[in-house]
Every structure is written in structure tokens, then in C-alpha cells.
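Heads up, data.pdb below (PDB, C-alpha atoms and all ligand atoms):
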```pdb
MODEL        1
ATOM      1  CA  MET A 180      22.315  19.196   4.050  1.00  0.00           C
ATOM      2  CA  SER A 181      20.089  22.279   3.780  1.00  0.00           C
ATOM      3  CA  THR A 182      17.054  22.608   6.027  1.00  0.00           C
ATOM      4  CA  PRO A 183      13.810  22.117   4.105  1.00  0.00           C
ATOM      5  CA  ARG A 184      11.758  25.274   3.773  1.00  0.00           C
ATOM      6  CA  ARG A 185       8.335  25.401   5.300  1.00  0.00           C
ATOM      7  CA  ALA A 186       5.597  24.776   2.766  1.00  0.00           C
ATOM      8  CA  SER A 187       4.732  27.993   0.980  1.00  0.00           C
ATOM      9  CA  LYS A 188       2.599  29.144  -1.886  1.00  0.00           C
ATOM     10  CA  ALA A 189       5.679  29.996  -3.992  1.00  0.00           C
ATOM     11  CA  ARG A 190       6.427  27.496  -6.736  1.00  0.00           C
ATOM     12  CA  GLU A 191       8.606  24.828  -5.251  1.00  0.00           C
ATOM     13  CA  SER A 192      11.598  23.338  -7.039  1.00  0.00           C
ATOM     14  CA  MET A 193      11.931  19.581  -7.291  1.00  0.00           C
ATOM     15  CA  ALA A 194      14.945  19.702  -4.959  1.00  0.00           C
ATOM     16  CA  ALA A 195      12.996  21.655  -2.335  1.00  0.00           C
ATOM     17  CA  ARG A 196      10.005  19.339  -2.659  1.00  0.00           C
ATOM     18  CA  SER A 197      12.222  16.311  -2.247  1.00  0.00           C
ATOM     19  CA  ALA A 198      13.868  17.845   0.844  1.00  0.00           C
ATOM     20  CA  ARG A 199      10.426  18.597   2.299  1.00  0.00           C
ATOM     21  CA  CYS A 200       9.328  15.035   1.543  1.00  0.00           C
ATOM     22  CA  GLY A 201      12.462  13.705   3.244  1.00  0.00           C
ATOM     23  CA  ALA A 202      11.791  15.863   6.303  1.00  0.00           C
ATOM     24  CA  MET A 203       8.219  14.611   6.454  1.00  0.00           C
ATOM     25  CA  LEU A 204       9.181  10.957   6.093  1.00  0.00           C
ATOM     26  CA  GLY A 205      11.994  11.438   8.600  1.00  0.00           C
ATOM     27  CA  ARG A 206       9.460  12.480  11.210  1.00  0.00           C
ATOM     28  CA  LEU A 207       7.175   9.572  10.398  1.00  0.00           C
ATOM     29  CA  ARG A 208      10.199   7.280  10.659  1.00  0.00           C
ATOM     30  CA  GLU A 209      11.015   8.621  14.118  1.00  0.00           C
ATOM     31  CA  LEU A 210       7.489   7.814  15.231  1.00  0.00           C
ATOM     32  CA  ASN A 211       7.444   4.395  13.585  1.00  0.00           C
ATOM     33  CA  PRO A 212      10.941   3.141  12.668  1.00  0.00           C
ATOM     34  CA  ALA A 213       9.873  -0.230  11.233  1.00  0.00           C
ATOM     35  CA  PRO A 214       6.528   0.186   9.488  1.00  0.00           C
ATOM     36  CA  THR A 215       4.819  -2.689   7.755  1.00  0.00           C
ATOM     37  CA  THR A 216       1.479  -3.736   6.339  1.00  0.00           C
ATOM     38  CA  GLU A 217      -1.415  -4.390   8.683  1.00  0.00           C
ATOM     39  CA  LEU A 218      -2.297  -7.486   6.664  1.00  0.00           C
ATOM     40  CA  GLU A 219      -1.216 -10.639   8.487  1.00  0.00           C
ATOM     41  CA  TYR A 220       1.048 -13.000   6.530  1.00  0.00           C
ATOM     42  CA  SER A 221       4.053 -15.206   7.090  1.00  0.00           C
ATOM     43  CA  ASN A 222       5.425 -15.692   3.568  1.00  0.00           C
ATOM     44  CA  PRO A 223       5.166 -14.049   0.101  1.00  0.00           C
ATOM     45  CA  PHE A 224       2.329 -16.345  -1.002  1.00  0.00           C
ATOM     46  CA  GLU A 225       0.157 -15.515   2.009  1.00  0.00           C
ATOM     47  CA  LEU A 226       0.838 -11.822   1.420  1.00  0.00           C
ATOM     48  CA  LEU A 227      -0.117 -12.119  -2.248  1.00  0.00           C
ATOM     49  CA  VAL A 228      -3.414 -13.831  -1.407  1.00  0.00           C
ATOM     50  CA  ALA A 229      -4.169 -11.332   1.375  1.00  0.00           C
ATOM     51  CA  VAL A 230      -3.540  -8.369  -0.923  1.00  0.00           C
ATOM     52  CA  VAL A 231      -5.765  -9.827  -3.659  1.00  0.00           C
ATOM     53  CA  LEU A 232      -8.503 -10.330  -1.051  1.00  0.00           C
ATOM     54  CA  SER A 233      -8.071  -6.794   0.284  1.00  0.00           C
ATOM     55  CA  ALA A 234      -9.326  -4.951  -2.807  1.00  0.00           C
ATOM     56  CA  GLN A 235     -12.217  -2.769  -1.635  1.00  0.00           C
ATOM     57  CA  ALA A 236     -12.105  -4.464   1.775  1.00  0.00           C
ATOM     58  CA  THR A 237     -10.461  -3.604   5.084  1.00  0.00           C
ATOM     59  CA  ASP A 238      -7.269  -5.222   6.328  1.00  0.00           C
ATOM     60  CA  VAL A 239      -9.151  -6.130   9.515  1.00  0.00           C
ATOM     61  CA  GLY A 240     -11.799  -8.003   7.508  1.00  0.00           C
ATOM     62  CA  VAL A 241      -9.177  -9.815   5.433  1.00  0.00           C
ATOM     63  CA  ASN A 242      -7.181 -10.812   8.531  1.00  0.00           C
ATOM     64  CA  LYS A 243     -10.328 -12.260  10.072  1.00  0.00           C
ATOM     65  CA  ALA A 244     -10.802 -14.532   7.045  1.00  0.00           C
ATOM     66  CA  THR A 245      -7.163 -15.489   6.522  1.00  0.00           C
ATOM     67  CA  ARG A 246      -6.759 -16.419  10.199  1.00  0.00           C
ATOM     68  CA  LYS A 247      -9.123 -19.288   9.408  1.00  0.00           C
ATOM     69  CA  LEU A 248      -7.913 -19.973   5.870  1.00  0.00           C
ATOM     70  CA  PHE A 249      -4.117 -20.020   6.217  1.00  0.00           C
ATOM     71  CA  PRO A 250      -3.881 -22.668   8.974  1.00  0.00           C
ATOM     72  CA  VAL A 251      -5.818 -24.982   6.631  1.00  0.00           C
ATOM     73  CA  ALA A 252      -4.377 -23.914   3.275  1.00  0.00           C
ATOM     74  CA  ASN A 253      -1.420 -21.568   2.770  1.00  0.00           C
ATOM     75  CA  THR A 254       0.228 -22.921  -0.384  1.00  0.00           C
ATOM     76  CA  PRO A 255      -0.937 -22.715  -4.015  1.00  0.00           C
ATOM     77  CA  ALA A 256      -1.492 -26.485  -4.083  1.00  0.00           C
ATOM     78  CA  ARG A 257      -3.614 -26.526  -0.937  1.00  0.00           C
ATOM     79  CA  ILE A 258      -5.753 -23.559  -1.897  1.00  0.00           C
ATOM     80  CA  ALA A 259      -6.205 -24.907  -5.443  1.00  0.00           C
ATOM     81  CA  ALA A 260      -7.321 -28.196  -3.879  1.00  0.00           C
ATOM     82  CA  LEU A 261     -10.060 -26.377  -1.941  1.00  0.00           C
ATOM     83  CA  GLY A 262     -11.636 -25.310  -5.240  1.00  0.00           C
ATOM     84  CA  GLU A 263     -13.713 -22.176  -5.627  1.00  0.00           C
ATOM     85  CA  HIS A 264     -16.575 -23.502  -3.552  1.00  0.00           C
ATOM     86  CA  GLY A 265     -14.328 -24.605  -0.699  1.00  0.00           C
ATOM     87  CA  LEU A 266     -12.403 -21.319  -0.692  1.00  0.00           C
ATOM     88  CA  LYS A 267     -15.596 -19.265  -0.538  1.00  0.00           C
ATOM     89  CA  ARG A 268     -16.464 -20.841   2.796  1.00  0.00           C
ATOM     90  CA  TYR A 269     -13.449 -19.052   4.291  1.00  0.00           C
ATOM     91  CA  ILE A 270     -13.705 -15.704   2.539  1.00  0.00           C
ATOM     92  CA  ASN A 271     -17.452 -15.112   2.215  1.00  0.00           C
ATOM     93  CA  THR A 272     -17.328 -12.264   4.752  1.00  0.00           C
ATOM     94  CA  ILE A 273     -15.138 -10.222   2.390  1.00  0.00           C
ATOM     95  CA  GLY A 274     -16.664  -7.995  -0.293  1.00  0.00           C
ATOM     96  CA  LEU A 275     -16.614  -9.323  -3.875  1.00  0.00           C
ATOM     97  CA  PHE A 276     -15.760 -12.778  -2.540  1.00  0.00           C
ATOM     98  CA  ASN A 277     -17.187 -14.614  -5.565  1.00  0.00           C
ATOM     99  CA  ALA A 278     -14.858 -12.890  -8.015  1.00  0.00           C
ATOM    100  CA  LYS A 279     -11.956 -13.045  -5.565  1.00  0.00           C
ATOM    101  CA  ALA A 280     -12.380 -16.800  -5.041  1.00  0.00           C
ATOM    102  CA  LYS A 281     -12.300 -17.317  -8.788  1.00  0.00           C
ATOM    103  CA  ASN A 282      -9.144 -15.201  -9.140  1.00  0.00           C
ATOM    104  CA  VAL A 283      -7.322 -16.777  -6.200  1.00  0.00           C
ATOM    105  CA  ILE A 284      -7.952 -20.302  -7.514  1.00  0.00           C
ATOM    106  CA  ALA A 285      -6.788 -19.311 -11.018  1.00  0.00           C
ATOM    107  CA  LEU A 286      -3.788 -17.521  -9.504  1.00  0.00           C
ATOM    108  CA  CYS A 287      -2.802 -20.640  -7.536  1.00  0.00           C
ATOM    109  CA  ARG A 288      -3.055 -22.797 -10.650  1.00  0.00           C
ATOM    110  CA  GLN A 289      -0.894 -20.356 -12.597  1.00  0.00           C
ATOM    111  CA  LEU A 290       1.726 -20.282  -9.833  1.00  0.00           C
ATOM    112  CA  LEU A 291       1.846 -24.076  -9.922  1.00  0.00           C
ATOM    113  CA  GLU A 292       1.974 -24.328 -13.715  1.00  0.00           C
ATOM    114  CA  ARG A 293       4.412 -21.508 -14.481  1.00  0.00           C
ATOM    115  CA  HIS A 294       6.383 -20.745 -11.313  1.00  0.00           C
ATOM    116  CA  SER A 295       6.779 -24.080  -9.509  1.00  0.00           C
ATOM    117  CA  GLY A 296       4.383 -22.870  -6.838  1.00  0.00           C
ATOM    118  CA  GLU A 297       6.575 -19.856  -5.932  1.00  0.00           C
ATOM    119  CA  VAL A 298       5.612 -16.178  -6.023  1.00  0.00           C
ATOM    120  CA  PRO A 299       7.639 -14.555  -8.836  1.00  0.00           C
ATOM    121  CA  ARG A 300       9.807 -11.547  -7.964  1.00  0.00           C
ATOM    122  CA  ASP A 301       9.322  -9.630 -11.188  1.00  0.00           C
ATOM    123  CA  ARG A 302       6.567  -7.196 -12.003  1.00  0.00           C
ATOM    124  CA  ALA A 303       5.596  -8.653 -15.390  1.00  0.00           C
ATOM    125  CA  SER A 304       5.037 -12.157 -13.993  1.00  0.00           C
ATOM    126  CA  LEU A 305       3.136 -10.803 -11.004  1.00  0.00           C
ATOM    127  CA  GLU A 306       0.870  -8.628 -13.138  1.00  0.00           C
ATOM    128  CA  ALA A 307       0.154 -11.617 -15.399  1.00  0.00           C
ATOM    129  CA  LEU A 308      -1.479 -13.423 -12.446  1.00  0.00           C
ATOM    130  CA  PRO A 309      -5.303 -13.359 -12.256  1.00  0.00           C
ATOM    131  CA  GLY A 310      -6.572 -10.605  -9.948  1.00  0.00           C
ATOM    132  CA  VAL A 311      -3.153  -8.946  -9.711  1.00  0.00           C
ATOM    133  CA  GLY A 312      -2.775  -5.388 -10.990  1.00  0.00           C
ATOM    134  CA  ARG A 313       0.006  -2.857 -10.634  1.00  0.00           C
ATOM    135  CA  LYS A 314      -0.923  -1.924  -7.068  1.00  0.00           C
ATOM    136  CA  THR A 315      -0.934  -5.520  -5.813  1.00  0.00           C
ATOM    137  CA  ALA A 316       2.324  -6.241  -7.636  1.00  0.00           C
ATOM    138  CA  ASN A 317       3.884  -3.162  -6.013  1.00  0.00           C
ATOM    139  CA  VAL A 318       2.779  -4.228  -2.527  1.00  0.00           C
ATOM    140  CA  VAL A 319       4.249  -7.713  -2.994  1.00  0.00           C
ATOM    141  CA  LEU A 320       7.487  -6.412  -4.536  1.00  0.00           C
ATOM    142  CA  ASN A 321       7.876  -3.900  -1.727  1.00  0.00           C
ATOM    143  CA  THR A 322       6.659  -5.759   1.324  1.00  0.00           C
ATOM    144  CA  ALA A 323       7.644  -9.347   0.532  1.00  0.00           C
ATOM    145  CA  PHE A 324      10.822  -8.662  -1.439  1.00  0.00           C
ATOM    146  CA  GLY A 325      12.009  -5.264  -0.176  1.00  0.00           C
ATOM    147  CA  GLU A 326      11.915  -3.546  -3.589  1.00  0.00           C
ATOM    148  CA  PRO A 327      11.675   0.274  -3.525  1.00  0.00           C
ATOM    149  CA  THR A 328       8.202   0.506  -5.052  1.00  0.00           C
ATOM    150  CA  VAL A 329       5.245   2.627  -3.961  1.00  0.00           C
ATOM    151  CA  ALA A 330       1.819   1.037  -4.333  1.00  0.00           C
ATOM    152  CA  VAL A 331      -0.598   3.937  -4.668  1.00  0.00           C
ATOM    153  CA  ASP A 332      -3.886   3.137  -2.971  1.00  0.00           C
ATOM    154  CA  THR A 333      -6.623   5.582  -2.041  1.00  0.00           C
ATOM    155  CA  HIS A 334      -4.720   6.782   1.069  1.00  0.00           C
ATOM    156  CA  ILE A 335      -1.434   7.429  -0.681  1.00  0.00           C
ATOM    157  CA  PHE A 336      -3.216   9.091  -3.597  1.00  0.00           C
ATOM    158  CA  ARG A 337      -4.874  11.568  -1.220  1.00  0.00           C
ATOM    159  CA  VAL A 338      -1.859  12.170   1.038  1.00  0.00           C
ATOM    160  CA  ALA A 339       0.536  12.756  -1.872  1.00  0.00           C
ATOM    161  CA  ARG A 340      -1.787  15.332  -3.392  1.00  0.00           C
ATOM    162  CA  ARG A 341      -2.561  17.169  -0.139  1.00  0.00           C
ATOM    163  CA  LEU A 342       1.113  17.380   0.714  1.00  0.00           C
ATOM    164  CA  GLY A 343       1.861  18.734  -2.744  1.00  0.00           C
ATOM    165  CA  PHE A 344       4.093  15.835  -3.766  1.00  0.00           C
ATOM    166  CA  SER A 345       1.974  15.168  -6.843  1.00  0.00           C
ATOM    167  CA  ARG A 346      -0.807  16.677  -8.865  1.00  0.00           C
ATOM    168  CA  GLY A 347      -1.333  13.399 -10.691  1.00  0.00           C
ATOM    169  CA  ARG A 348      -4.882  12.434 -11.502  1.00  0.00           C
ATOM    170  CA  THR A 349      -4.260   8.697 -11.692  1.00  0.00           C
ATOM    171  CA  PRO A 350      -2.552   6.278  -9.288  1.00  0.00           C
ATOM    172  CA  LEU A 351       0.165   5.660 -11.880  1.00  0.00           C
ATOM    173  CA  ALA A 352       0.887   9.395 -12.270  1.00  0.00           C
ATOM    174  CA  VAL A 353       1.086   9.799  -8.473  1.00  0.00           C
ATOM    175  CA  GLU A 354       3.348   6.747  -8.213  1.00  0.00           C
ATOM    176  CA  GLN A 355       5.709   8.188 -10.819  1.00  0.00           C
ATOM    177  CA  ASP A 356       5.812  11.560  -9.035  1.00  0.00           C
ATOM    178  CA  LEU A 357       6.507   9.911  -5.688  1.00  0.00           C
ATOM    179  CA  LEU A 358       9.360   7.891  -7.126  1.00  0.00           C
ATOM    180  CA  LYS A 359      10.957  11.196  -8.166  1.00  0.00           C
ATOM    181  CA  VAL A 360      10.312  13.097  -4.960  1.00  0.00           C
ATOM    182  CA  VAL A 361      10.924  10.512  -2.208  1.00  0.00           C
ATOM    183  CA  PRO A 362      14.627  10.508  -1.255  1.00  0.00           C
ATOM    184  CA  ASP A 363      16.315   7.141  -1.808  1.00  0.00           C
ATOM    185  CA  GLU A 364      16.826   6.449   1.881  1.00  0.00           C
ATOM    186  CA  PHE A 365      13.044   6.433   2.419  1.00  0.00           C
ATOM    187  CA  LEU A 366      11.933   4.651  -0.747  1.00  0.00           C
ATOM    188  CA  ARG A 367      11.653   1.171   0.667  1.00  0.00           C
ATOM    189  CA  ASP A 368       9.310   2.100   3.518  1.00  0.00           C
ATOM    190  CA  ALA A 369       7.616   5.239   2.129  1.00  0.00           C
ATOM    191  CA  HIS A 370       4.669   3.118   1.046  1.00  0.00           C
ATOM    192  CA  HIS A 371       3.868   2.085   4.626  1.00  0.00           C
ATOM    193  CA  TRP A 372       4.459   5.478   6.235  1.00  0.00           C
ATOM    194  CA  LEU A 373       2.218   7.200   3.695  1.00  0.00           C
ATOM    195  CA  ILE A 374      -0.577   4.638   3.997  1.00  0.00           C
ATOM    196  CA  LEU A 375      -0.552   4.722   7.794  1.00  0.00           C
ATOM    197  CA  HIS A 376      -0.442   8.521   7.771  1.00  0.00           C
ATOM    198  CA  GLY A 377      -3.463   8.574   5.455  1.00  0.00           C
ATOM    199  CA  ARG A 378      -5.352   5.929   7.364  1.00  0.00           C
ATOM    200  CA  TYR A 379      -4.960   7.388  10.850  1.00  0.00           C
ATOM    201  CA  THR A 380      -4.137  11.098  10.525  1.00  0.00           C
ATOM    202  CA  CYS A 381      -4.648  12.551   7.057  1.00  0.00           C
ATOM    203  CA  LYS A 382      -8.070  10.922   6.790  1.00  0.00           C
ATOM    204  CA  ALA A 383     -10.295  11.388   3.778  1.00  0.00           C
ATOM    205  CA  ARG A 384     -13.232  13.313   5.252  1.00  0.00           C
ATOM    206  CA  LYS A 385     -11.621  15.075   8.167  1.00  0.00           C
ATOM    207  CA  PRO A 386      -7.840  15.106   8.334  1.00  0.00           C
ATOM    208  CA  ASP A 387      -6.566  15.431  11.897  1.00  0.00           C
ATOM    209  CA  CYS A 388      -4.392  18.460  11.142  1.00  0.00           C
ATOM    210  CA  PRO A 389      -4.148  19.735  14.741  1.00  0.00           C
ATOM    211  CA  LYS A 390      -2.435  16.480  15.738  1.00  0.00           C
ATOM    212  CA  CYS A 391      -0.509  15.981  12.505  1.00  0.00           C
ATOM    213  CA  PRO A 392       3.244  15.631  13.080  1.00  0.00           C
ATOM    214  CA  VAL A 393       4.038  17.122   9.668  1.00  0.00           C
ATOM    215  CA  ALA A 394       1.522  19.973   9.579  1.00  0.00           C
ATOM    216  CA  ASP A 395       4.218  22.650   9.245  1.00  0.00           C
ATOM    217  CA  LEU A 396       5.495  20.896   6.110  1.00  0.00           C
ATOM    218  CA  CYS A 397       2.050  20.578   4.529  1.00  0.00           C
ATOM    219  CA  PRO A 398       0.667  23.179   2.112  1.00  0.00           C
ATOM    220  CA  TYR A 399      -2.916  21.842   2.115  1.00  0.00           C
ATOM    221  CA  ARG A 400      -5.224  24.847   2.150  1.00  0.00           C
ATOM    222  CA  GLN A 401      -8.146  23.237   3.907  1.00  0.00           C
ATOM    223  CA  LYS A 402      -6.410  22.107   7.072  1.00  0.00           C
ATOM    224  CA  THR A 403      -8.750  21.400   9.973  1.00  0.00           C
ATOM    225  CA  ARG A 404      -8.479  23.282  13.269  1.00  0.00           C
ATOM    226  CA  ALA A 405      -8.871  22.064  16.824  1.00  0.00           C
ATOM    227  CA  ASP A 406     -12.540  22.185  17.910  1.00  0.00           C
TER     228      ASP A 406
HETATM  229  S1  LIG B   1      -1.648  18.887   8.005  1.00  0.00           S
HETATM  230 FE1  LIG B   1      -3.630  17.926   7.635  1.00  0.00          FE
HETATM  231  S2  LIG B   1      -3.802  17.772   5.413  1.00  0.00           S
HETATM  232 FE2  LIG B   1      -1.632  18.115   5.896  1.00  0.00          FE
HETATM  233  S3  LIG B   1      -0.722  16.075   6.027  1.00  0.00           S
HETATM  234 FE3  LIG B   1      -1.330  16.671   8.077  1.00  0.00          FE
HETATM  235  S4  LIG B   1      -3.386  15.807   8.342  1.00  0.00           S
HETATM  236 FE4  LIG B   1      -2.955  15.853   6.131  1.00  0.00          FE
ENDMDL
END
```

So, in terms of C-alpha cells, how does the structure I just supplied come out?
Ligand code: SF4
Amino acid sequence: MSTPRRASKARESMAARSARCGAMLGRLRELNPAPTTELEYSNPFELLVAVVLSAQATDVGVNKATRKLFPVANTPARIAALGEHGLKRYINTIGLFNAKAKNVIALCRQLLERHSGEVPRDRASLEALPGVGRKTANVVLNTAFGEPTVAVDTHIFRVARRLGFSRGRTPLAVEQDLLKVVPDEFLRDAHHWLILHGRYTCKARKPDCPKCPVADLCPYRQKTRAD
């Protein structure tokens, strides 16, 4: 296998970009061989609910609420039985909790009516659930079922563009570019490595370039320097 070239200003072929992406993910894999979501869950249903609750909220905030909710209700039937009012008592520390409570109750009812209370494994059925869009469906398909999908959130959107893996202007465009550029061997876990890299190193306001393990592979022109 050829060694990936360092990032340069010259136009990069798809093969070179993919090799660079593989080198980058290889390093992140060395540092964290088994990455996963920071949301706490113990089955696909808990993950689905946690991801729906996490929209525009932090994983830490969601975990705080679900640590109280899941011991009491962690099946569609039990959460549906709480009703909107009852559910809000557990999640009222999370942003947009009114709308989220409504969606989670409707989602539980739909799981019971159409899927025998199980979380479906296909994208169309997932996206048909209240409060579930493409990103949430991708997280569940990837993290609960091991499918090679990349859920593009704000971190992945930023990281993919800074690293020159996509120029897409929408999450869907970035997702499609990543699916082309990420080598197969990394596809299943790329989602987690990219999110964690964006959350802790390639941060939105001030990326930590001096400590970045992939800085030599990154063409971003506004890299930060050590103070
Ligand atoms: S060098 Fe800086 S901009 Fe590039 S990936 Fe690392 S932290 Fe992000």
C-alpha cells in the first residue's frame, strides 16, 4: 500500500484523499481502538430514546436524565404508560423537552403498533418514527446494529470540511462524500472517531492543532499555534 502524501495545496485525487483519510483514521484508531457513543444505553431502544433526546443538548445532560428514566421505564410500553406529563418529569432538564416528550411518546406508540415494540433495523422505518431524522437513524443503525453509516452532526460536518474530505454544504452532502472517502475498514467506527476528534481536539472555535495527532495530514489553513 502506498504511503499517503502529506496534505498539500495541489488538487488531490480521490484515491489520495481516501489514503489520507485512512491514515488519519488509523491514527485515531491507535489512540482509541474501540470508540463508541458517550450516550449511556444498554439496548437499541434506550439508544434510540437517548439520541432523540440529545438533539441540541449535550450527551452529559441526556445521561443525567436517562439515568433516572431508564431504571423506571426502558421499554416502549413503559414509557408510553408514563404519558407525556409523566415523561416530562424525567427529562425537563433537557432543552426542548416539551416537544421531545411528545415525540418520544408518539414514537413508543408507533413501535408498539407497527414493530411489536422492537426498534426496526431499516432506515425507512426508523425515519418514519416521530422525532427521528436521517442523523438519528444513522446513529442507531451504526451504533446499535453495526451498520457502516456516518451520522453527520455539527462536529463531523466541521471536521470533514477542515480536513478536506468534503466541501459539502449540507449534512447529507458531507455524509455522501465521507462514504466515498472513508476506506471500508474504517467505515463502521468512523462516525465515533470523527465526532470525538471534533469534540475534544478539532473544536469549533479554537481547534487544538498543536496537540492534534493528525495535524500533518490536515490541510486546514487556519491551524492554531501553541501559545
Ligand atoms: S490540525 Fe487543527 S484543524 Fe486540522 S484536524 Fe487537527 S485540530 Fe483540526

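Comparing the minimum interatomic distances between ligand LIG 1 (chain B) and each of A:Ala352, A:Ala307, A:Ala280, A:Ile335, counting only C-alpha atoms and all ligand atoms, we find that A:Ile335 sits nearest.
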
Q: Throw together the list of residues within 8 Å of ligand LIG 1 (chain B), counting all atoms listed in the file, and drop it here as a list in words.
A: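 Checked against 8 Å with all atoms listed in the file; the hits are Val338, Arg341, Leu342, His376, Gly377, Thr380, Cys381, Lys382, Pro386, Asp387, Cys388, Pro389, Lys390, Cys391, Pro392, Val393, Ala394, Asp395, Leu396, Cys397, Pro398, Tyr399, Arg400, Gln401, Lys402 and Thr403 of chain A.
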
Q | Contact residues around Tyr269 (chain A) with only C-alpha atoms at 12 Å, ignoring same-chain residues under 3 positions, as a ChimeraX atom specification | A | /A:232,240-252,258,261-266,272-273,276-277,279-280

(Q) Show me, as a PyMOL selection string, the residues that have an atom within 12 Å of Glu217 (chain A) when counting all atoms listed in the file, minus same-chain residues fewer than 6 positions from it. (A) chain A and resi 226+229-230+233+237-243+318+322+371-372+374-375+378

Q: Just the residues within 12 Å of region 198-201 of chain A, please, counting only C-alpha atoms, with nothing from its chain fewer than 5 positions along; format it as a PyMOL selection string.
A: chain A and resi 180-187+191-193+206-208+338-339+342-345+356-366+369+372-373+393-398

Can I get the selected residues back with C-alpha atoms, as an mmCIF file, keeping the file's coordinate frame?
```
data_model
loop_
_atom_site.group_PDB
_atom_site.id
_atom_site.type_symbol
_atom_site.label_atom_id
_atom_site.label_comp_id
_atom_site.auth_asym_id
_atom_site.auth_seq_id
_atom_site.Cartn_x
_atom_site.Cartn_y
_atom_site.Cartn_z
ATOM 1 C CA MET A 180 22.315 19.196 4.050
ATOM 2 C CA SER A 181 20.089 22.279 3.780
ATOM 3 C CA THR A 182 17.054 22.608 6.027
ATOM 4 C CA PRO A 183 13.810 22.117 4.105
ATOM 5 C CA ARG A 184 11.758 25.274 3.773
ATOM 6 C CA ARG A 185 8.335 25.401 5.300
ATOM 7 C CA ALA A 186 5.597 24.776 2.766
ATOM 8 C CA SER A 187 4.732 27.993 0.980
ATOM 9 C CA GLU A 191 8.606 24.828 -5.251
ATOM 10 C CA SER A 192 11.598 23.338 -7.039
ATOM 11 C CA MET A 193 11.931 19.581 -7.291
ATOM 12 C CA ARG A 206 9.460 12.480 11.210
ATOM 13 C CA LEU A 207 7.175 9.572 10.398
ATOM 14 C CA ARG A 208 10.199 7.280 10.659
ATOM 15 C CA VAL A 338 -1.859 12.170 1.038
ATOM 16 C CA ALA A 339 0.536 12.756 -1.872
ATOM 17 C CA LEU A 342 1.113 17.380 0.714
ATOM 18 C CA GLY A 343 1.861 18.734 -2.744
ATOM 19 C CA PHE A 344 4.093 15.835 -3.766
ATOM 20 C CA SER A 345 1.974 15.168 -6.843
ATOM 21 C CA ASP A 356 5.812 11.560 -9.035
ATOM 22 C CA LEU A 357 6.507 9.911 -5.688
ATOM 23 C CA LEU A 358 9.360 7.891 -7.126
ATOM 24 C CA LYS A 359 10.957 11.196 -8.166
ATOM 25 C CA VAL A 360 10.312 13.097 -4.960
ATOM 26 C CA VAL A 361 10.924 10.512 -2.208
ATOM 27 C CA PRO A 362 14.627 10.508 -1.255
ATOM 28 C CA ASP A 363 16.315 7.141 -1.808
ATOM 29 C CA GLU A 364 16.826 6.449 1.881
ATOM 30 C CA PHE A 365 13.044 6.433 2.419
ATOM 31 C CA LEU A 366 11.933 4.651 -0.747
ATOM 32 C CA ALA A 369 7.616 5.239 2.129
ATOM 33 C CA TRP A 372 4.459 5.478 6.235
ATOM 34 C CA LEU A 373 2.218 7.200 3.695
ATOM 35 C CA VAL A 393 4.038 17.122 9.668
ATOM 36 C CA ALA A 394 1.522 19.973 9.579
ATOM 37 C CA ASP A 395 4.218 22.650 9.245
ATOM 38 C CA LEU A 396 5.495 20.896 6.110
ATOM 39 C CA CYS A 397 2.050 20.578 4.529
ATOM 40 C CA PRO A 398 0.667 23.179 2.112
#
```

Which residues fall under the PyMOL selection byres (((chain A and resi 336) around 9) and not hetatm) in this file, as a PDB file with C-alpha atoms, in the coordinates of the input?
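The resulting file, result.pdb, is shown below:
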```
ATOM      1  CA  VAL A 331      -0.598   3.937  -4.668  1.00  0.00           C
ATOM      2  CA  ASP A 332      -3.886   3.137  -2.971  1.00  0.00           C
ATOM      3  CA  THR A 333      -6.623   5.582  -2.041  1.00  0.00           C
ATOM      4  CA  HIS A 334      -4.720   6.782   1.069  1.00  0.00           C
ATOM      5  CA  ILE A 335      -1.434   7.429  -0.681  1.00  0.00           C
ATOM      6  CA  ARG A 337      -4.874  11.568  -1.220  1.00  0.00           C
ATOM      7  CA  VAL A 338      -1.859  12.170   1.038  1.00  0.00           C
ATOM      8  CA  ALA A 339       0.536  12.756  -1.872  1.00  0.00           C
ATOM      9  CA  ARG A 340      -1.787  15.332  -3.392  1.00  0.00           C
ATOM     10  CA  ARG A 341      -2.561  17.169  -0.139  1.00  0.00           C
ATOM     11  CA  SER A 345       1.974  15.168  -6.843  1.00  0.00           C
ATOM     12  CA  GLY A 347      -1.333  13.399 -10.691  1.00  0.00           C
ATOM     13  CA  ARG A 348      -4.882  12.434 -11.502  1.00  0.00           C
ATOM     14  CA  THR A 349      -4.260   8.697 -11.692  1.00  0.00           C
ATOM     15  CA  PRO A 350      -2.552   6.278  -9.288  1.00  0.00           C
ATOM     16  CA  VAL A 353       1.086   9.799  -8.473  1.00  0.00           C
ATOM     17  CA  GLU A 354       3.348   6.747  -8.213  1.00  0.00           C
TER      18      GLU A 354
END
```
